[in-house]
Amino acid sequence: MKWSGSTVDYLNYLKAYWGKSLGENGWNKALQDGILTHEIPGGATSSYNSSAVAGAVTAISSVKKSDKLELQLYEKVAIGAGQQASNPWLQELPDPVTRATWDNYVIVSPALAKTLLNIDLNDNGQADSYEVQPAKKVMKVTVNGKSVELPALIIPGTHPKTIGIAVGYGRAEQVGKAVVDTGKNVFPFSSFNGTTVNLAVADVQAELTSDTYKVALTQTHGGYDTKQGKRTEVMKELALVEFKEEPNEVRDDRDKELKPYGGLAEFEKQGTIYPYFDKPGIHWGMSVDLNTCTGCAACVVACHAENNVPVVGKPEVMRFHDMHWLRIDRYYSGDMENPKVVFQPMMCQHCDNAPCENVCPVAATNHSSEGLNQMTYNRCIGTRYCANNCPYKVRRFNWADYTGADSFPDNQSQVLNEVVLNMNDDLTRMVLNPDVTVRSRGVIEKCSFCVQRLQEGKLKAKKESRPLEDSDIKTACQQACPTDAIVFGNINSKHSAISITRTENSQRTFYSLEQLHVLPNVNYLVKVRNLDATEKDEWLKGDKKEEKQAEKAEAAEKK
């Protein structure tokens with residue numbers, strides 16, 4: 001009000017404004033009640049007229065379907081419209097569905113790939129070795145005379161007549177001391193209609209070029225029903241109608257898989273020296289609900305920031321040297337032309353019968369009295385036996401001195417082709433969490449269940465002279481999860497959130513690769529899809545449906 005030249009104080013100004021309509025009594029009542037209510041006069045009622053809707057439906061159905069290719073521009077979860085393109089955490093964050101980093105690309109359907117690219121889904125979707133990812137064929141996309149060339153990724157579920165490209169790329173970004181040019185700018189393909197920006201283009205020309213381009217993917221396999229066989233021991237999902245018919249199906253499947261160890265009843269006794277509910281101490285565990293996980297990857301970024309996980313750059317990701325402690329695996333099921341998608345966060349499972357601990361020659365990885373699979377970084381000599389022996393492949397090896405923990409000046413940019421955040425710089429090192437050790441070259445690292453937060457919670461409870469509570473501790477991934485899919489706590493306490501979750505959801509609880517008898521401390525709640533009987537049959541068609549029917553017939557015969 002001073003800027004506007006007024007000499008009246010704000011209270012008198014407000015009172016004078018509202019006093020005109022309310023009066024002094026009304027003003028005082030509004031202050032006393034803390035709210036001002038107005039009665040809204042009733043509007044004229046009218047009957048619903050369906051003729052307009054019927055006319056619209058008729059008009060839409062009469063429109064001749066076009067054979068032209070359509071383009072849909074979209075924003076990636078991490079990069080958005082490009083505001084965060086200079087953030088290396090987000091550049092290296094894998095896209096939830098495509099699992100690609102550092103680039104944008106043309107998303108095409110399996111059907112379009114066969115006709116336009118002359119390649120099959122399996123040819124494009126599988127890596128030809130563990131070290132080098134196959135280069136993708138490059139497409140030239142033209143809209144209104146403007147063209148861009150980008151690699152093509154085959155993504156099941158894409159409409160056969162639609163392609164998609166992410167915006168927000170194509171600028172030379174300053175990442176640390178390096179300038180990184182990622183992707184291509186496709187904003188010129190958009191248009192302004194006078195009100196808003198239109199990101200859909202109805203008529204697009206797309207053609208295959210002779211070039212190839214390497215895209216850094218963190219996952220090169222798609223469905224868990226693969227040519228190598230069913231991987232239902234890794235991921236489990238059911239239709240709702242199926243779950244209602246046989247609510248104990250998941251538990252029965254687990255019991256059948258664990259028969260060599262005496263079934264569920266004897267399974268734990270056969271291999272652990274850390275029995276649950278048998279002592280008053282702490283035993284940390286985690287539960288992940290696949291029904292509520294959306295694959296947004298907020299947990300991945302939170303873990304990255306909390307635990308000083310290094311960014312390695314595109315060349316290293318292409319060699320499968322990515323360092324994420326937490327990854328979100330994406331699986332397709334059903335018809336690959338219109339599949340269902342399920343996400344599974346995968347971190348160190350902190351196994352009670354951990355195969356990594358048995359093979360370390362220097363005892364750098366060991367089991368704590370609280371059920372944690374620990375890493376002693378300054379004892380590790382980098383044999384990587386533990387990573388080879390881990391069935392979940394969640395251990396990461398520092399191939400280079402990513403964070404400058406014990407480096408001499410400026411050696412990092414030479415190693416990584418100047419594509420990563422240079423942590424030797426004083427300013428960029430300020431992003432590091434002082435509560436977490438910065439790992440050096442040549443050691444293995446992995447999820448620690450945010451052990452620094454566990455210690456902080458215990459110290460807080462100790463200072464206040466009270467027992468440790470669930471509210472004292474939240475892991476970074478749990479705190480960042482927008483859908484509360486992750487629950488963490490002490491499984492030795494029957495009153496903790498993790499114990500309650502496992503008890504209340506016992507019919508949906510399963511452990512990934514449980515039959516290996518590694519006794520993981522991370523459980524998952526099975527994905528239950530809201531499908532009726534007809535939709536379930538459509539989803540379970542082919543080999544999967546026949547296998548389900550054979551299993552049911554066998555179970556009925558035994559009964």
# chains A, B, ... in the order shown; residues from 1 in each chain; ligands from 1
call {"tool": "select_by_dssp", "arguments": {"residues": "stretch 147-224 of chain A", "states": "strand (DSSP E or B)", "output": "PyMOL selection string"}}
result
chain A and resi 147-154+162-166+172-175+178-181+191-192+197-198+200-213+216-217
call {"tool": "residues_around", "arguments": {"residues": "A:Glu207", "least_positions_apart": "3", "cutoff": "10 Å", "atoms": "only C-alpha atoms", "output": "PyMOL selection string"}}
result
chain A and resi 116-117+138-142+149
call {"tool": "residues_around", "arguments": {"residues": "A:Leu326", "least_positions_apart": "6", "cutoff": "10 Å", "atoms": "only C-alpha atoms", "output": "PyMOL selection string"}}
result
chain A and resi 297+299-304+345-348+394-395+446-447+477
call {"tool": "write_last_selection", "arguments": {"atoms": "N, CA, C and O atoms", "output": "short mmCIF file (atom, residue, chain, number, x, y, z; two decimals), in the first residue's frame"}}
result
data_model
loop_
_atom_site.label_atom_id
_atom_site.label_comp_id
_atom_site.auth_asym_id
_atom_site.auth_seq_id
_atom_site.Cartn_x
_atom_site.Cartn_y
_atom_site.Cartn_z
N ALA A 297 9.68 -43.08 -9.33
CA ALA A 297 11.13 -42.99 -9.09
C ALA A 297 11.52 -41.87 -8.14
O ALA A 297 12.70 -41.50 -8.07
N CYS A 299 11.64 -42.26 -5.03
CA CYS A 299 12.49 -42.97 -4.07
C CYS A 299 13.91 -43.09 -4.57
O CYS A 299 14.87 -43.02 -3.79
N VAL A 300 14.07 -43.26 -5.88
CA VAL A 300 15.41 -43.41 -6.47
C VAL A 300 16.21 -42.13 -6.30
O VAL A 300 17.38 -42.15 -5.90
N VAL A 301 15.58 -40.99 -6.59
CA VAL A 301 16.26 -39.70 -6.45
C VAL A 301 16.56 -39.41 -4.99
O VAL A 301 17.63 -38.90 -4.64
N ALA A 302 15.61 -39.73 -4.10
CA ALA A 302 15.82 -39.51 -2.67
C ALA A 302 17.00 -40.32 -2.16
O ALA A 302 17.83 -39.83 -1.39
N CYS A 303 17.10 -41.57 -2.60
CA CYS A 303 18.21 -42.43 -2.22
C CYS A 303 19.52 -41.87 -2.75
O CYS A 303 20.55 -41.87 -2.07
N HIS A 304 19.49 -41.38 -3.98
CA HIS A 304 20.66 -40.80 -4.62
C HIS A 304 21.20 -39.64 -3.79
O HIS A 304 22.40 -39.54 -3.53
N PRO A 345 10.16 -51.99 -7.11
CA PRO A 345 11.39 -51.41 -6.54
C PRO A 345 12.29 -52.52 -6.03
O PRO A 345 11.85 -53.43 -5.33
N MET A 346 13.56 -52.45 -6.39
CA MET A 346 14.50 -53.50 -6.01
C MET A 346 15.74 -52.85 -5.40
O MET A 346 16.44 -52.08 -6.06
N MET A 347 15.97 -53.18 -4.15
CA MET A 347 17.15 -52.70 -3.45
C MET A 347 17.81 -53.89 -2.76
O MET A 347 17.35 -55.02 -2.89
N CYS A 348 18.90 -53.69 -2.02
CA CYS A 348 19.50 -54.78 -1.26
C CYS A 348 18.44 -55.37 -0.34
O CYS A 348 17.75 -54.64 0.37
N VAL A 394 22.04 -56.16 -6.92
CA VAL A 394 21.81 -54.83 -6.35
C VAL A 394 23.09 -54.22 -5.78
O VAL A 394 23.04 -53.16 -5.16
N ARG A 395 24.21 -54.90 -5.97
CA ARG A 395 25.47 -54.35 -5.49
C ARG A 395 26.17 -53.58 -6.60
O ARG A 395 26.15 -53.99 -7.76
N LYS A 446 26.10 -50.42 -1.71
CA LYS A 446 24.72 -50.84 -1.92
C LYS A 446 23.82 -50.22 -0.87
O LYS A 446 24.29 -49.50 0.02
N CYS A 447 22.53 -50.51 -0.95
CA CYS A 447 21.55 -50.00 0.02
C CYS A 447 21.94 -50.39 1.43
O CYS A 447 22.29 -51.55 1.71
N CYS A 477 13.86 -43.49 0.93
CA CYS A 477 12.89 -43.92 -0.08
C CYS A 477 11.48 -43.93 0.50
O CYS A 477 10.51 -43.54 -0.17
#
call {"tool": "atom_distance", "arguments": {"atom1": "atom CA of A:Ser471", "atom2": "atom CA of A:Trp89"}}
result
28.5 Å
call {"tool": "residues_around", "arguments": {"residues": "A:Leu112", "least_positions_apart": "3", "cutoff": "9 Å", "atoms": "only C-alpha atoms", "output": "list in words"}}
result
Val108, Ser109, Thr115, Leu116, Leu117, Asn118, Ile154, His159, Pro160, Lys161 and Thr162 of chain A
call {"tool": "residues_around", "arguments": {"residues": "stretch 499-514 of chain A", "least_positions_apart": "6", "cutoff": "9 Å", "atoms": "only C-alpha atoms", "output": "VMD selection string"}}
result
chain A and resid 232 to 236 247 to 251 254 257 to 258 285 287 289 391 to 392 487 489 to 493 520 to 528
call {"tool": "select_by_dssp", "arguments": {"residues": "stretch 291-470 of chain A", "states": "helix (DSSP H, G or I)", "output": "ChimeraX atom specification"}}
result
/A:298-306,314-318,355-359,377-379,385-389,411-415,428-431,451-463,470
call {"tool": "closest_residue", "arguments": {"among": "A:Ala476, A:Cys356, A:Val431, A:Ala461", "to": "A:Ile444", "atoms": "only C-alpha atoms"}}
result
A:Cys356
